[in-house]
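What follows is one structure encoded as structure tokens, with my remarks underneath.
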Amino acid sequence: MSVPRFWRRLKNIYNLIGTHCKKCGSFLYPPRNMCPKCRRNSMTVPFKFKGTGEVLTYTIIHTGAKDYTKLTPYILAIIKLDEGPQLTSQVICDHSQICIGMKVKAAFRKLGEESEKGMIYYGTKFVPMEV
Amino acid sequence: MSVGIVSYGAYIPRYRIRVEEIAKVWGANPNSIIDGLMVYEKSVPDLDEDTITIAVEAARHAINRAGIDPQEIGALYTGSESHPYAVKPSSTVVAEAIGATPSLTVADYEFACKAGTAAIQTCMGMVDAGMIKLGMAIGADVAQGAPGDALEYTAAAGGVAYAIGKNDLVANIESTYSFTTDTPDFWRREGMPYPEHGGRFTGEPGYFKHVTSAAQGLLEKMGTKPSDYDYAIFHQPNGKFPTRAAKMLGFNSDQIKPGLVVTRLGNTYSGSCMMGLAATLDIAKAGDRIFMTSFGSGAGSDSFSFTVTDRIEEIRNGAPSVETLMANPIYIDYATYARHKNKIKL
């Protein structure tokens, strides 16, 4: 990810700030300028999600991309937030613990880094609710 | 002084390594190390945790504990000797991640293990001067200890955040006193991965001189004596130093017991005595008086005197206690620890 691309989305990544359409009640993450249902009639406002949800599905990555080699094996999951939207994120827990339907909450972690001299990317991952 | 702690929050990574495991690798006698240091295990950061992530989690706990509006925070200082960037303040990331930006001033502090208490003093001054309503002072570290060095048995990971203000206090800060000299007991040069230290020189002319001088200075300034306090916390590079410093000053073992977290946690450096204070606040009652003295190599100490208010009962359960954060650790071997601490270069 390039520095400007991360920087522009930083607030959304740190604090799970997405969009709420006041017209139809939809919650959207990542944020959208326009509600895909209401289109030109959208009434979108920024919305901060609670950060709690459940695991819809997951996989364990054993062969990661170049920047993620150090983290392998790691869990990549689709999380359904309590407000409705779904997003892809790492889940930090023992691999024997992960299961579909597991309740999770947001945690602030390093997402990656460019190199030893490059930028460090921070943001949201998920951990089991009871941690 | 009508300034004090409005809220507090701690964060401790879940991983631990036992002293026996480290001693096994270096052919050392674990029992003599445990007896000498009074430390049994230490916390280790996860692969994706560093000083910034720890500081954010601690600050979020402090905000949640008392239901603070982060937009009311006018200053935020993060004290650490393991800031991930040499240039790019950790505090900018922390402020953004807790929703305190953009109308506030931030900076990073570095004073070995007492950068966090220096941040508390700065926030106290700014609040008392009316410059800000709330200040956030954080001490967080993923401490470095060279492989095989004595520091490796204690250098741990953790952080604590204190919201400092004038209203809704859980503890009044009655007074503070600092003692600082140029003492080269411990240092890390720019670009070097691990600190160097003066071995036994870190004890008498370093830790004990500064801790006892700052503590005695505050007791004299306030006209109080050790028996006036219910609890006391002294910087915890190991279990032995704070126990001995307390005895030298006239505090007893019951007073330091609740805050002596180093035996199961290790030395969290900038988080060290601030973690002990958090553990003490977790069990303190209204009216209790707490004495705290930090120590940072280089060297200096900050002493504080607190009186707990009845608001502590209202907010105590709003965030995890230090004891909760220390529970259910995941023990790892030295190879996994080396990977977590980036001692293995890929």
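Residues are named by chain letter and number: chains run A, B, ... in the order of the structure tokens, numbers start at 1 in each chain, and ligands are numbered from 1 in the order shown.
All residues of protein, DNA or RNA that reach within 7 Å of stretch 2-19 of chain A, judged by only C-alpha atoms and not counting those fewer than 6 positions away in the chain, are A:Phe27, A:Leu28, A:Tyr29, A:Pro30, A:Pro31, A:Arg32, A:Thr44, A:Val45, A:Pro46, A:Phe47, A:Lys48, A:Phe49, A:Gly51, A:Gly123, A:Thr124, B:Ala97.
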Would you save the residues of that selection, restricted to C-alpha atoms, as a compact mmCIF listing (two decimals), in the first residue's frame?
# COMPACT_ATOMS: atom_id res chain seq x y z
CA PHE A 27 -24.37 0.86 7.45
CA LEU A 28 -21.39 0.78 5.09
CA TYR A 29 -17.73 -0.08 5.59
CA PRO A 30 -15.43 1.03 4.06
CA PRO A 31 -17.11 4.44 3.79
CA ARG A 32 -18.99 5.33 0.63
CA THR A 44 -24.83 9.43 4.07
CA VAL A 45 -23.08 10.55 7.26
CA PRO A 46 -19.86 9.28 8.90
CA PHE A 47 -20.47 6.50 11.42
CA LYS A 48 -18.10 4.98 13.96
CA PHE A 49 -18.72 1.26 14.41
CA GLY A 51 -15.91 -2.70 16.78
CA GLY A 123 -4.93 -0.25 12.08
CA THR A 124 -7.66 -2.58 13.20
CA ALA B 97 -6.44 6.39 17.17
Write down, as an mmCIF file with N, CA and C atoms, in the first residue's frame, each residue of chain B that has any atom within 8 Å of an atom of chain A, counting only C-alpha atoms.
data_model
loop_
_atom_site.group_PDB
_atom_site.id
_atom_site.type_symbol
_atom_site.label_atom_id
_atom_site.label_comp_id
_atom_site.auth_asym_id
_atom_site.auth_seq_id
_atom_site.Cartn_x
_atom_site.Cartn_y
_atom_site.Cartn_z
ATOM 1 N N LEU B 47 3.667 -10.430 17.577
ATOM 2 C CA LEU B 47 4.435 -10.074 16.381
ATOM 3 C C LEU B 47 4.031 -8.718 15.821
ATOM 4 N N ASP B 48 2.770 -8.333 16.043
ATOM 5 C CA ASP B 48 2.275 -7.082 15.473
ATOM 6 C C ASP B 48 1.989 -6.034 16.554
ATOM 7 N N GLU B 49 2.670 -6.151 17.687
ATOM 8 C CA GLU B 49 2.524 -5.150 18.746
ATOM 9 C C GLU B 49 3.827 -4.382 18.918
ATOM 10 N N ASP B 50 3.716 -3.100 19.188
ATOM 11 C CA ASP B 50 4.877 -2.280 19.513
ATOM 12 C C ASP B 50 4.435 -1.200 20.498
ATOM 13 N N THR B 53 1.047 0.524 19.480
ATOM 14 C CA THR B 53 -0.196 -0.253 19.651
ATOM 15 C C THR B 53 -0.521 -0.425 21.135
ATOM 16 N N VAL B 56 -1.881 2.887 22.476
ATOM 17 C CA VAL B 56 -3.264 3.101 22.019
ATOM 18 C C VAL B 56 -4.243 2.288 22.865
ATOM 19 N N GLU B 57 -3.919 1.021 23.083
ATOM 20 C CA GLU B 57 -4.831 0.170 23.868
ATOM 21 C C GLU B 57 -4.963 0.684 25.302
ATOM 22 N N GLU B 96 -4.611 10.186 17.107
ATOM 23 C CA GLU B 96 -5.546 9.908 16.011
ATOM 24 C C GLU B 96 -6.401 8.674 16.347
ATOM 25 N N ALA B 97 -5.746 7.653 16.902
ATOM 26 C CA ALA B 97 -6.436 6.386 17.166
ATOM 27 C C ALA B 97 -7.426 6.472 18.323
ATOM 28 N N ILE B 98 -7.270 7.468 19.172
ATOM 29 C CA ILE B 98 -8.262 7.599 20.261
ATOM 30 C C ILE B 98 -9.270 8.701 19.942
ATOM 31 N N GLY B 99 -9.143 9.308 18.773
ATOM 32 C CA GLY B 99 -10.108 10.325 18.353
ATOM 33 C C GLY B 99 -9.916 11.672 19.025
ATOM 34 N N LEU B 346 15.053 -11.734 9.054
ATOM 35 C CA LEU B 346 14.735 -12.497 7.838
ATOM 36 C C LEU B 346 15.370 -11.830 6.629
#
Distance of atom CA of B:Thr324 from atom CA of A:Gln90, expressed in Å to one decimal place: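 Calculated distance between atom CA of A:Gln90 and atom CA of B:Thr324 is 24.1 Å.
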Who sits within 12 Å of B:Lys285, only C-alpha atoms, same chain under 6 positions skipped, as a ChimeraX atom specification: /B:170-171,230-231,307-314,316
Selection export as a PDB file, in the first residue's frame, atoms kept: C-alpha atoms:
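selection.pdb was written with the following content:
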ATOM      1  CA  VAL B 170     -10.254   9.513  41.182  1.00  0.00           C
ATOM      2  CA  ALA B 171      -7.057  10.632  42.899  1.00  0.00           C
ATOM      3  CA  ASP B 230      -1.462   3.284  52.715  1.00  0.00           C
ATOM      4  CA  TYR B 231       0.463   2.249  49.607  1.00  0.00           C
ATOM      5  CA  THR B 307      -5.139  10.773  47.757  1.00  0.00           C
ATOM      6  CA  VAL B 308      -7.841   8.507  46.342  1.00  0.00           C
ATOM      7  CA  THR B 309     -11.395   9.892  46.078  1.00  0.00           C
ATOM      8  CA  ASP B 310     -14.730   8.076  46.296  1.00  0.00           C
ATOM      9  CA  ARG B 311     -15.110   8.329  42.503  1.00  0.00           C
ATOM     10  CA  ILE B 312     -12.737   5.371  42.193  1.00  0.00           C
ATOM     11  CA  GLU B 313     -15.668   3.039  42.946  1.00  0.00           C
ATOM     12  CA  GLU B 314     -17.721   4.537  40.092  1.00  0.00           C
ATOM     13  CA  ARG B 316     -13.054   1.060  38.628  1.00  0.00           C
TER      14      ARG B 316
END
Contacts of stretch 247-264 of chain B at 7 Å (only C-alpha atoms; same-chain gap of 3+ positions) as an MDAnalysis selection string: chainID B and resid 38:42 212 226 230:233 236 238:239 243:244 267 276:277 279:280
Atoms kept (C-alpha atoms) for selection, written as a PDB file, in the first residue's frame:
ATOM      1  CA  MET B  38      12.853 -11.489  42.274  1.00  0.00           C
ATOM      2  CA  VAL B  39      11.389 -11.828  38.773  1.00  0.00           C
ATOM      3  CA  TYR B  40       9.829 -15.106  37.607  1.00  0.00           C
ATOM      4  CA  GLU B  41       8.582 -14.237  34.123  1.00  0.00           C
ATOM      5  CA  LYS B  42       8.146 -11.270  31.809  1.00  0.00           C
ATOM      6  CA  THR B 212      15.581   7.884  47.814  1.00  0.00           C
ATOM      7  CA  PRO B 226       6.045   6.908  55.214  1.00  0.00           C
ATOM      8  CA  ASP B 230      -1.462   3.284  52.715  1.00  0.00           C
ATOM      9  CA  TYR B 231       0.463   2.249  49.607  1.00  0.00           C
ATOM     10  CA  ALA B 232       3.797   2.990  47.946  1.00  0.00           C
ATOM     11  CA  ILE B 233       5.194   2.259  44.509  1.00  0.00           C
ATOM     12  CA  GLN B 236      10.559  -1.695  39.370  1.00  0.00           C
ATOM     13  CA  ASN B 238      13.388  -5.949  39.248  1.00  0.00           C
ATOM     14  CA  GLY B 239      11.727  -7.020  42.482  1.00  0.00           C
ATOM     15  CA  THR B 243      11.786  -3.640  47.988  1.00  0.00           C
ATOM     16  CA  ARG B 244      15.150  -2.373  49.246  1.00  0.00           C
ATOM     17  CA  ASN B 267      10.150  -4.332  33.824  1.00  0.00           C
ATOM     18  CA  GLY B 276       2.221  -0.421  39.862  1.00  0.00           C
ATOM     19  CA  LEU B 277       0.098   2.668  40.490  1.00  0.00           C
ATOM     20  CA  ALA B 279      -2.616  -2.028  40.112  1.00  0.00           C
ATOM     21  CA  THR B 280      -2.826  -0.114  43.400  1.00  0.00           C
TER      22      THR B 280
END
